[in-house]
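Novice: Got a structure for you, model.tsv, holding TSV, C-alpha atoms.
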chain	number	residue	atom	x	y	z
S	1	MET	CA	37.67	9.18	43.54
S	2	ASN	CA	35.10	7.59	45.87
S	3	CYS	CA	33.08	4.33	45.76
S	4	GLN	CA	29.90	5.99	44.51
S	5	TRP	CA	31.72	7.56	41.55
S	6	VAL	CA	33.27	4.17	40.73
S	7	LYS	CA	29.93	2.37	40.92
S	8	ASP	CA	28.28	5.01	38.74
S	9	ASN	CA	30.99	4.63	36.12
S	10	LEU	CA	31.49	0.88	36.07
S	11	SER	CA	29.10	0.61	33.15
S	12	ALA	CA	31.02	3.19	31.12
S	13	TYR	CA	34.24	1.42	32.03
S	14	LEU	CA	32.90	-1.92	30.79
S	15	ASP	CA	31.74	-0.25	27.55
S	16	GLY	CA	35.17	1.31	27.04
S	17	GLU	CA	33.73	4.80	27.15
S	18	MET	CA	36.10	6.31	29.71
S	19	SER	CA	39.21	8.37	29.24
S	20	HIS	CA	42.57	6.66	29.76
S	21	ASN	CA	43.25	8.54	33.02
S	22	ASP	CA	39.81	7.63	34.47
S	23	VAL	CA	40.32	3.99	33.50
S	24	VAL	CA	43.65	3.87	35.30
S	25	SER	CA	42.17	5.50	38.45
S	26	LEU	CA	39.09	3.25	38.43
S	27	LYS	CA	41.16	0.08	38.00
S	28	LYS	CA	43.38	1.10	40.89
S	29	HIS	CA	40.35	1.76	43.11
S	30	VAL	CA	38.58	-1.49	42.22
S	31	GLU	CA	41.69	-3.55	43.01
S	32	GLY	CA	41.92	-2.04	46.45
S	33	CYS	CA	38.21	-1.81	47.38
S	34	ASN	CA	36.32	-5.01	48.22
S	35	SER	CA	32.88	-3.46	47.80
S	36	CYS	CA	33.64	-1.90	44.42
S	37	GLY	CA	35.53	-5.01	43.33
S	38	TYR	CA	32.52	-7.16	44.17
S	39	GLU	CA	30.21	-4.77	42.26
S	40	TYR	CA	32.56	-4.78	39.27
S	41	ARG	CA	32.64	-8.60	39.15
S	42	ARG	CA	28.87	-8.80	39.51
S	43	ILE	CA	28.20	-6.40	36.64
S	44	SER	CA	30.87	-7.79	34.33
S	45	ARG	CA	29.74	-11.35	35.07
S	46	ALA	CA	26.10	-10.52	34.26
S	47	TRP	CA	27.16	-8.71	31.08
S	48	GLU	CA	29.27	-11.66	29.98
S	49	MET	CA	26.45	-14.09	30.72
S	50	LEU	CA	24.39	-12.47	27.94
S	51	ASP	CA	26.64	-14.44	25.56
S	52	LEU	CA	24.59	-17.49	26.54
S	53	TRP	CA	21.72	-16.05	24.52
S	54	GLU	CA	23.07	-16.99	21.10
S	55	ASP	CA	21.73	-15.84	17.77
S	56	LYS	CA	18.85	-17.85	16.40
S	57	GLU	CA	18.88	-18.98	12.79
S	58	PRO	CA	15.95	-17.46	10.86
S	59	PRO	CA	13.60	-20.03	9.29
S	60	ALA	CA	14.80	-21.23	5.89
S	61	TYR	CA	11.50	-20.36	4.22
S	62	MET	CA	11.60	-16.71	5.29
S	63	LYS	CA	13.62	-15.43	2.31
S	64	LYS	CA	11.21	-17.14	-0.04
S	65	ALA	CA	8.24	-15.75	1.90
S	66	ILE	CA	9.67	-12.23	1.68
S	67	SER	CA	10.39	-12.63	-2.06
S	68	LEU	CA	6.80	-13.78	-2.62
S	69	LYS	CA	5.48	-10.78	-0.74
S	70	ILE	CA	7.67	-8.51	-2.86
S	71	GLU	CA	6.36	-10.14	-6.04
S	72	LYS	CA	2.81	-9.63	-4.80
S	73	GLU	CA	3.70	-6.04	-3.99
S	74	LYS	CA	5.01	-5.52	-7.53
S	75	THR	CA	1.83	-6.97	-9.02
S	76	LEU	CA	-0.28	-4.75	-6.80
S	77	TYR	CA	1.87	-1.78	-7.82
S	78	TRP	CA	1.06	-2.32	-11.49
S	79	LEU	CA	-2.58	-3.15	-10.74
S	80	ARG	CA	-2.82	0.18	-8.99
S	81	PHE	CA	-2.27	1.84	-12.38
S	82	LEU	CA	-3.87	-0.77	-14.61
S	83	LEU	CA	-7.16	-1.09	-12.74
S	84	PRO	CA	-8.18	2.57	-13.08
S	85	ALA	CA	-7.05	2.53	-16.73
S	86	ALA	CA	-9.11	-0.62	-17.36
S	87	ALA	CA	-12.07	0.93	-15.59
S	88	VAL	CA	-11.84	4.07	-17.73
S	89	LEU	CA	-11.51	1.96	-20.89
S	90	LEU	CA	-14.52	-0.13	-19.89
S	91	LEU	CA	-16.55	2.99	-19.24
S	92	ALA	CA	-15.51	4.44	-22.60
S	93	ILE	CA	-16.50	1.23	-24.43
S	94	SER	CA	-19.80	1.09	-22.55
S	95	ALA	CA	-20.52	4.72	-23.40
S	96	LEU	CA	-19.64	4.10	-27.05
S	97	LEU	CA	-21.89	1.03	-27.24
S	98	PHE	CA	-24.70	2.87	-25.54
S	99	TYR	CA	-24.31	5.84	-27.90
S	100	THR	CA	-24.23	3.59	-30.99
S	101	GLU	CA	-27.28	1.63	-29.83
S	102	THR	CA	-29.20	4.80	-29.07
S	103	ASN	CA	-28.42	6.24	-32.53
S	104	ARG	CA	-29.50	3.02	-34.20
S	105	ASN	CA	-32.83	3.11	-32.36
S	106	ASP	CA	-33.28	6.77	-33.24
S	107	GLY	CA	-32.79	5.92	-36.93
S	108	LYS	CA	-35.37	3.17	-36.73
S	109	ASP	CA	-37.79	5.55	-35.05
S	110	MET	CA	-37.20	8.19	-37.71
S	111	ILE	CA	-37.80	5.68	-40.51
S	112	ALA	CA	-40.91	4.45	-38.78
S	113	LYS	CA	-42.11	8.01	-38.33
S	114	SER	CA	-41.41	8.94	-41.98
S	115	GLU	CA	-43.26	5.85	-43.20
S	116	GLU	CA	-46.38	6.54	-41.23
S	117	PRO	CA	-47.65	9.62	-43.27
S	118	VAL	CA	-47.12	7.74	-46.55
S	119	LEU	CA	-49.32	4.97	-45.34
S	120	ASN	CA	-51.88	7.54	-44.25
S	121	ILE	CA	-51.85	9.22	-47.64
S	122	LYS	CA	-52.37	5.90	-49.34
S	123	LYS	CA	-55.11	5.18	-46.91
S	124	ASP	CA	-56.67	8.58	-47.66
S	125	ILE	CA	-56.43	8.04	-51.38
S	126	GLN	CA	-57.99	4.66	-51.13
S	127	GLU	CA	-60.86	6.11	-49.23
S	128	VAL	CA	-61.62	8.92	-51.77
S	129	ASN	CA	-64.61	8.51	-54.10
S	130	GLU	CA	-63.81	9.63	-57.66
S	131	GLU	CA	-67.40	10.57	-58.47
S	132	GLU	CA	-67.54	12.71	-55.38
S	133	ILE	CA	-64.39	14.58	-56.45
S	134	ILE	CA	-65.75	15.18	-59.92
S	135	SER	CA	-69.08	16.32	-58.59
S	136	ASN	CA	-67.25	18.74	-56.35
S	137	LEU	CA	-65.27	20.36	-59.15
S	138	GLN	CA	-66.53	23.85	-59.82
S	139	LEU	CA	-65.82	23.58	-63.55
S	140	PHE	CA	-68.47	20.97	-64.06
S	141	GLN	CA	-71.03	23.13	-62.33
S	142	GLU	CA	-70.71	26.07	-64.80
S	143	LYS	CA	-73.50	26.35	-67.38
S	144	GLU	CA	-71.28	27.62	-70.16
S	145	PHE	CA	-69.01	24.60	-69.77
S	146	LEU	CA	-71.96	22.24	-69.84
S	147	ASP	CA	-73.35	23.94	-72.98
S	148	SER	CA	-69.98	23.78	-74.66
S	149	PHE	CA	-69.68	20.20	-73.64
S	150	ASP	CA	-73.07	19.36	-75.21
S	151	THR	CA	-72.00	21.11	-78.40
S	152	LEU	CA	-68.70	19.26	-78.47
S	153	LYS	CA	-70.49	15.93	-78.07
S	154	LYS	CA	-72.30	16.61	-81.40
S	155	ILE	CA	-69.11	17.39	-83.38
S	156	ASP	CA	-68.11	14.68	-85.84
S	157	TYR	CA	-65.25	16.54	-87.42
S	158	LEU	CA	-62.52	18.73	-86.02
S	159	PRO	CA	-61.30	21.43	-88.43
S	160	LEU	CA	-57.67	22.03	-89.14
S	161	VAL	CA	-56.04	25.17	-87.82
S	162	GLU	CA	-55.80	26.56	-91.35
S	163	GLU	CA	-59.57	26.23	-91.79
S	164	ILE	CA	-60.20	28.27	-88.66
S	165	ARG	CA	-57.91	31.01	-89.96
S	166	GLU	CA	-59.48	30.99	-93.40
S	167	ASN	CA	-62.99	31.34	-91.98
S	168	ASN	CA	-61.92	34.19	-89.76
S	169	ILE	CA	-63.00	32.48	-86.60
S	170	LYS	CA	-61.75	34.52	-83.66
S	171	ASP	CA	-63.92	33.67	-80.69
S	172	LYS	CA	-65.49	30.63	-79.12
S	173	ARG	CA	-69.01	31.35	-80.30
S	174	SER	CA	-67.91	31.64	-83.94
S	175	LEU	CA	-66.06	28.42	-83.58
S	176	LEU	CA	-69.05	26.61	-82.17
S	177	GLU	CA	-71.29	27.92	-84.93
S	178	PHE	CA	-68.74	26.84	-87.53
S	179	LEU	CA	-68.52	23.41	-86.06
S	180	ALA	CA	-72.28	23.08	-85.74
S	181	ALA	CA	-72.64	24.02	-89.38
Q	1	MET	CA	29.15	-1.94	4.62
Q	2	THR	CA	27.00	1.17	4.88
Q	3	ASP	CA	28.11	2.49	1.50
Q	4	ASN	CA	27.40	-0.91	0.03
Q	5	ASP	CA	23.95	-0.94	1.58
Q	6	ILE	CA	23.18	2.48	0.14
Q	7	ALA	CA	24.45	1.36	-3.25
Q	8	LEU	CA	22.21	-1.70	-3.00
Q	9	MET	CA	19.23	0.51	-2.19
Q	10	ALA	CA	19.97	2.55	-5.32
Q	11	ARG	CA	20.01	-0.66	-7.37
Q	12	ILE	CA	16.77	-1.86	-5.76
Q	13	LYS	CA	15.20	1.47	-6.69
Q	14	LYS	CA	16.03	0.68	-10.32
Q	15	GLY	CA	14.31	-2.70	-9.98
Q	16	ASP	CA	17.37	-4.88	-9.40
Q	17	VAL	CA	16.00	-8.06	-7.79
Q	18	ASN	CA	19.48	-9.43	-7.05
Q	19	ALA	CA	20.33	-6.32	-5.06
Q	20	PHE	CA	17.30	-6.84	-2.87
Q	21	GLU	CA	18.19	-10.49	-2.29
Q	22	LEU	CA	21.73	-9.45	-1.38
Q	23	LEU	CA	20.46	-6.87	1.09
Q	24	LEU	CA	18.08	-9.44	2.52
Q	25	SER	CA	20.87	-12.01	2.96
Q	26	ARG	CA	23.05	-9.41	4.62
Q	27	HIS	CA	20.56	-8.24	7.25
Q	28	GLU	CA	17.91	-10.94	7.58
Q	29	ARG	CA	19.58	-12.76	10.45
Q	30	SER	CA	20.33	-9.61	12.41
Q	31	VAL	CA	16.84	-8.12	11.94
Q	32	TYR	CA	15.23	-11.42	12.89
Q	33	ASN	CA	17.36	-11.77	16.03
Q	34	LEU	CA	16.70	-8.21	17.19
Q	35	ALA	CA	12.95	-8.79	16.89
Q	36	TYR	CA	13.24	-12.24	18.45
Q	37	ARG	CA	15.27	-11.07	21.44
Q	38	PHE	CA	13.09	-8.03	22.01
Q	39	LEU	CA	9.76	-9.86	21.73
Q	40	ASN	CA	10.95	-13.33	22.76
Q	41	ASP	CA	8.55	-14.80	20.21
Q	42	GLU	CA	9.71	-16.62	17.08
Q	43	GLY	CA	6.43	-16.20	15.22
Q	44	GLU	CA	6.27	-12.47	15.84
Q	45	ALA	CA	9.95	-12.14	14.95
Q	46	GLU	CA	9.24	-13.79	11.58
Q	47	ASP	CA	6.28	-11.50	10.90
Q	48	ILE	CA	8.28	-8.42	11.82
Q	49	THR	CA	11.27	-9.46	9.71
Q	50	GLN	CA	9.03	-9.94	6.69
Q	51	GLU	CA	7.32	-6.62	7.29
Q	52	VAL	CA	10.65	-4.83	7.72
Q	53	PHE	CA	11.96	-5.99	4.35
Q	54	LEU	CA	8.66	-5.26	2.67
Q	55	ARG	CA	8.92	-1.72	4.00
Q	56	VAL	CA	12.54	-1.49	2.87
Q	57	TYR	CA	11.46	-2.50	-0.63
Q	58	ARG	CA	8.63	0.04	-0.65
Q	59	ALA	CA	10.91	2.76	0.71
Q	60	SER	CA	13.57	2.06	-1.91
Q	61	LYS	CA	11.58	4.21	-4.37
Q	62	THR	CA	11.99	7.28	-2.16
Q	63	TYR	CA	14.97	6.30	0.00
Q	64	ASN	CA	17.26	9.20	0.81
Q	65	PRO	CA	20.46	8.17	2.63
Q	66	GLU	CA	20.49	10.86	5.31
Q	67	ALA	CA	21.43	8.45	8.10
Q	68	LYS	CA	23.51	5.31	8.26
Q	69	PHE	CA	21.58	2.53	6.53
Q	70	THR	CA	21.63	0.20	9.54
Q	71	THR	CA	20.36	2.98	11.83
Q	72	TRP	CA	17.47	3.53	9.42
Q	73	LEU	CA	16.83	-0.21	9.09
Q	74	TYR	CA	16.86	-0.89	12.83
Q	75	THR	CA	14.64	2.10	13.49
Q	76	ILE	CA	12.01	0.32	11.38
Q	77	VAL	CA	12.58	-2.88	13.38
Q	78	LYS	CA	12.39	-1.02	16.69
Q	79	ASN	CA	9.16	0.77	15.71
Q	80	LEU	CA	7.50	-2.46	14.59
Q	81	CYS	CA	8.61	-4.20	17.80
Q	82	PHE	CA	7.18	-1.42	19.95
Q	83	ASN	CA	3.93	-1.57	17.95
Q	84	ALA	CA	3.77	-5.31	18.58
Q	85	ILE	CA	4.34	-4.73	22.30
Q	86	ARG	CA	1.54	-2.14	22.35
Q	87	LYS	CA	-0.82	-4.57	20.62
Q	88	LYS	CA	0.11	-7.28	23.09
Q	89	ARG	CA	-0.39	-4.93	25.99
Q	90	SER	CA	-3.86	-3.99	24.80
Q	91	VAL	CA	-4.94	-7.64	25.14
Q	92	SER	CA	-2.71	-8.57	28.08
Q	93	VAL	CA	-3.51	-8.28	31.76
Q	94	VAL	CA	0.15	-8.11	32.81
Q	95	SER	CA	0.64	-4.98	34.89
Q	96	ILE	CA	3.37	-2.45	34.19
Q	97	ASP	CA	4.67	-2.83	37.74
Q	98	GLU	CA	5.28	-6.49	37.10
Q	99	GLU	CA	7.34	-5.59	34.06
Q	100	THR	CA	9.28	-2.66	35.44
Q	101	MET	CA	10.05	-4.17	38.85
Q	102	PRO	CA	11.72	-7.44	37.94
Q	103	GLU	CA	12.51	-9.70	40.84
Q	104	PHE	CA	13.49	-13.31	41.23
Q	105	ARG	CA	10.46	-15.49	41.30
Q	106	SER	CA	9.94	-17.87	44.18
Q	107	GLU	CA	10.27	-20.95	41.97
Q	108	ASP	CA	13.72	-19.86	40.77
Q	109	PRO	CA	16.58	-21.85	42.28
Q	110	ASP	CA	18.87	-20.24	44.80
Q	111	PRO	CA	21.21	-17.81	42.94
Q	112	LEU	CA	24.18	-19.30	44.65
Q	113	ASP	CA	23.40	-22.80	43.44
Q	114	ALA	CA	25.36	-23.98	40.44
Q	115	LEU	CA	23.09	-24.15	37.39
Q	116	SER	CA	23.22	-26.02	34.13
Q	117	ARG	CA	24.15	-24.04	31.03
Q	118	GLU	CA	20.61	-24.37	29.73
Q	119	GLU	CA	19.16	-23.12	33.00
Q	120	LEU	CA	21.57	-20.19	33.01
Q	121	ARG	CA	20.61	-19.38	29.43
Q	122	SER	CA	16.97	-19.48	30.41
Q	123	ARG	CA	17.67	-17.13	33.33
Q	124	VAL	CA	19.53	-14.72	31.04
Q	125	ILE	CA	16.58	-14.62	28.62
Q	126	ARG	CA	14.11	-14.08	31.44
Q	127	ALA	CA	16.25	-11.34	32.96
Q	128	VAL	CA	16.62	-9.43	29.69
Q	129	ASN	CA	12.93	-9.80	28.87
Q	130	ALA	CA	12.02	-8.46	32.29
Q	131	LEU	CA	13.85	-5.18	31.58
Q	132	PRO	CA	11.67	-2.17	30.73
Q	133	GLU	CA	11.33	-1.81	26.97
Q	134	ASN	CA	13.57	1.24	26.54
Q	135	MET	CA	16.34	-0.42	28.53
Q	136	ARG	CA	15.81	-3.75	26.81
Q	137	ILE	CA	16.13	-2.38	23.28
Q	138	ALA	CA	19.22	-0.37	24.27
Q	139	VAL	CA	20.87	-3.41	25.84
Q	140	ILE	CA	20.06	-5.67	22.89
Q	141	LEU	CA	21.31	-3.14	20.34
Q	142	GLN	CA	24.53	-2.52	22.24
Q	143	ARG	CA	25.29	-5.99	23.50
Q	144	PHE	CA	24.14	-8.17	20.61
Q	145	HIS	CA	24.30	-5.86	17.59
Q	146	GLY	CA	27.35	-3.77	18.44
Q	147	PHE	CA	25.65	-0.39	18.16
Q	148	SER	CA	27.41	2.59	19.69
Q	149	THR	CA	25.68	4.77	22.28
Q	150	GLU	CA	25.36	7.56	19.66
Q	151	GLU	CA	23.75	5.23	17.14
Q	152	ILE	CA	21.28	3.95	19.72
Q	153	ALA	CA	20.44	7.53	20.69
Q	154	GLU	CA	19.74	8.40	17.03
Q	155	LEU	CA	17.73	5.24	16.53
Q	156	MET	CA	15.65	5.79	19.65
Q	157	GLY	CA	15.31	9.53	19.19
Q	158	CYS	CA	16.80	10.43	22.56
Q	159	SER	CA	20.01	11.92	23.96
Q	160	VAL	CA	23.28	10.03	24.31
Q	161	ASN	CA	23.17	10.55	28.08
Q	162	ALA	CA	19.68	9.04	28.23
Q	163	VAL	CA	20.99	5.94	26.48
Q	164	LYS	CA	23.99	5.73	28.82
Q	165	LEU	CA	21.70	5.98	31.80
Q	166	ARG	CA	19.36	3.30	30.47
Q	167	VAL	CA	22.21	0.91	29.76
Q	168	HIS	CA	23.77	1.60	33.14
Q	169	ARG	CA	20.50	0.93	34.97
Q	170	ALA	CA	19.94	-2.19	32.88
Q	171	LYS	CA	23.37	-3.45	33.89
Q	172	MET	CA	22.57	-2.87	37.54
Q	173	ILE	CA	19.32	-4.82	37.20
Q	174	LEU	CA	21.02	-7.63	35.29
Q	175	ALA	CA	23.83	-7.72	37.83
Q	176	GLY	CA	21.23	-8.15	40.57
Q	177	LYS	CA	19.63	-11.05	38.71
Q	178	LEU	CA	22.57	-12.74	37.06
Q	179	GLY	CA	25.73	-11.48	38.74
Q	180	GLY	CA	25.61	-14.01	41.56
Q	181	LEU	CA	24.84	-17.03	39.39
Q	182	LYS	CA	27.43	-19.58	38.53
Q	183	GLU	CA	27.55	-22.46	36.11
Q	184	GLU	CA	27.85	-26.01	37.44
Q	185	THR	CA	31.15	-27.68	36.78
As structure tokens, what does this structure read like?
Specialist:
Amino acid sequence: MNCQWVKDNLSAYLDGEMSHNDVVSLKKHVEGCNSCGYEYRRISRAWEMLDLWEDKEPPAYMKKAISLKIEKEKTLYWLRFLLPAAAVLLLAISALLFYTETNRNDGKDMIAKSEEPVLNIKKDIQEVNEEEIISNLQLFQEKEFLDSFDTLKKIDYLPLVEEIRENNIKDKRSLLEFLAA
Amino acid sequence: MTDNDIALMARIKKGDVNAFELLLSRHERSVYNLAYRFLNDEGEAEDITQEVFLRVYRASKTYNPEAKFTTWLYTIVKNLCFNAIRKKRSVSVVSIDEETMPEFRSEDPDPLDALSREELRSRVIRAVNALPENMRIAVILQRFHGFSTEEIAELMGCSVNAVKLRVHRAKMILAGKLGGLKEET
């Protein structure tokens, strides 16, 4: 055991990390060696002096501050789930409102569109001249109809069905002659 | 303690507010002091403590007790502290050399002079804060929080020997700064 070995192991000795045999040898050397003894006292003195640096009491408000942070953390934890859910719900409601509003407008448009032709028809009807329609009818332009019409205008009496049968009237001409008579 | 912590985490997962408050009461002081000693800034230590427990609460939903609870908890603290240091460094003009090569400053009193307890305390804080970050966190965890070398290695993601070496070097540096000081009688 030499001085260098002792100096290298003083730290382990002070920490109680040496075997029993090494401790005994080191102690014996330190007691008999001024240089190593001085080094031992210097190191152990410095190590002991660290006791002067006592623990400091944490501020009284720190526990409360930590608890508040934890509470905030918990709130944020739930908000992390609630916010997206609320956003989705809001979007769904917005979409539903938009869809409902669009359908309502479409209905109004359809009603408006269905009412427009009716108004046009009425407008058309109002604009039609009855005399013009009659004059355009082909029936009134046929000579036979006009002749028959003249004949009918002269008739004062309409025969019963039985009379027509009894007089053996089978065509229009016979009928007209019968009536004229 | 560890089993209790894991049981508390299981209760927190189920929404037990009392379990969280119990866990907070159990570790608040220790978490705060680790951040405070490492950063030497009360305000930052408060912010980090709050952030740590917020992360613990968030992680309770998926927490899987693979490691010791305190190792897991202090890994969060350590990571947040290192992030804070990085942020500070990005806006600071302090050179790395100044941090990694701690020496007594000229205005410090003679080491052999007897100092008041308050002055000694101040020197201790300055000496620890002047340690490189990896040494500083190892020293704080071992000296003030009672972590074993193995636990520190797991927490820092390095080998046990690397932790031993860091602590040993830190002790040498601290011995150089504090070993010759004595308190006035």
Novice: Using only C-alpha atoms and a distance of at most 6 Å, pull out the residues of chain S that contact chain Q, as a PyMOL selection string.
Specialist: chain S and resi 11+42-43+45-46+52+58+66
Novice: In Å to one decimal, how far is atom CA of Glu119 of chain Q from atom CA of Lys78 of chain Q?
Specialist: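 About the pair atom CA of Lys78 of chain Q and atom CA of Glu119 of chain Q: they are 28.3 Å apart.
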Novice: Near Leu8 of chain Q, within 8 Å and counting all atoms listed in the file, which residues show up once chain neighbours fewer than 2 positions away are dropped, as a list in words?
Specialist: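 Neighbouring residues, sequence-local ones excluded: Asn4, Asp5, Ile6, Ala10, Arg11, Ile12, Ala19, Phe20, Leu22 and Leu23 of chain Q.
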Novice: Would you mind reading off the distance between atom CA of Gly16 of chain S and atom CA of Cys33 of chain S, one decimal, in Å?
Specialist: 20.8 Å
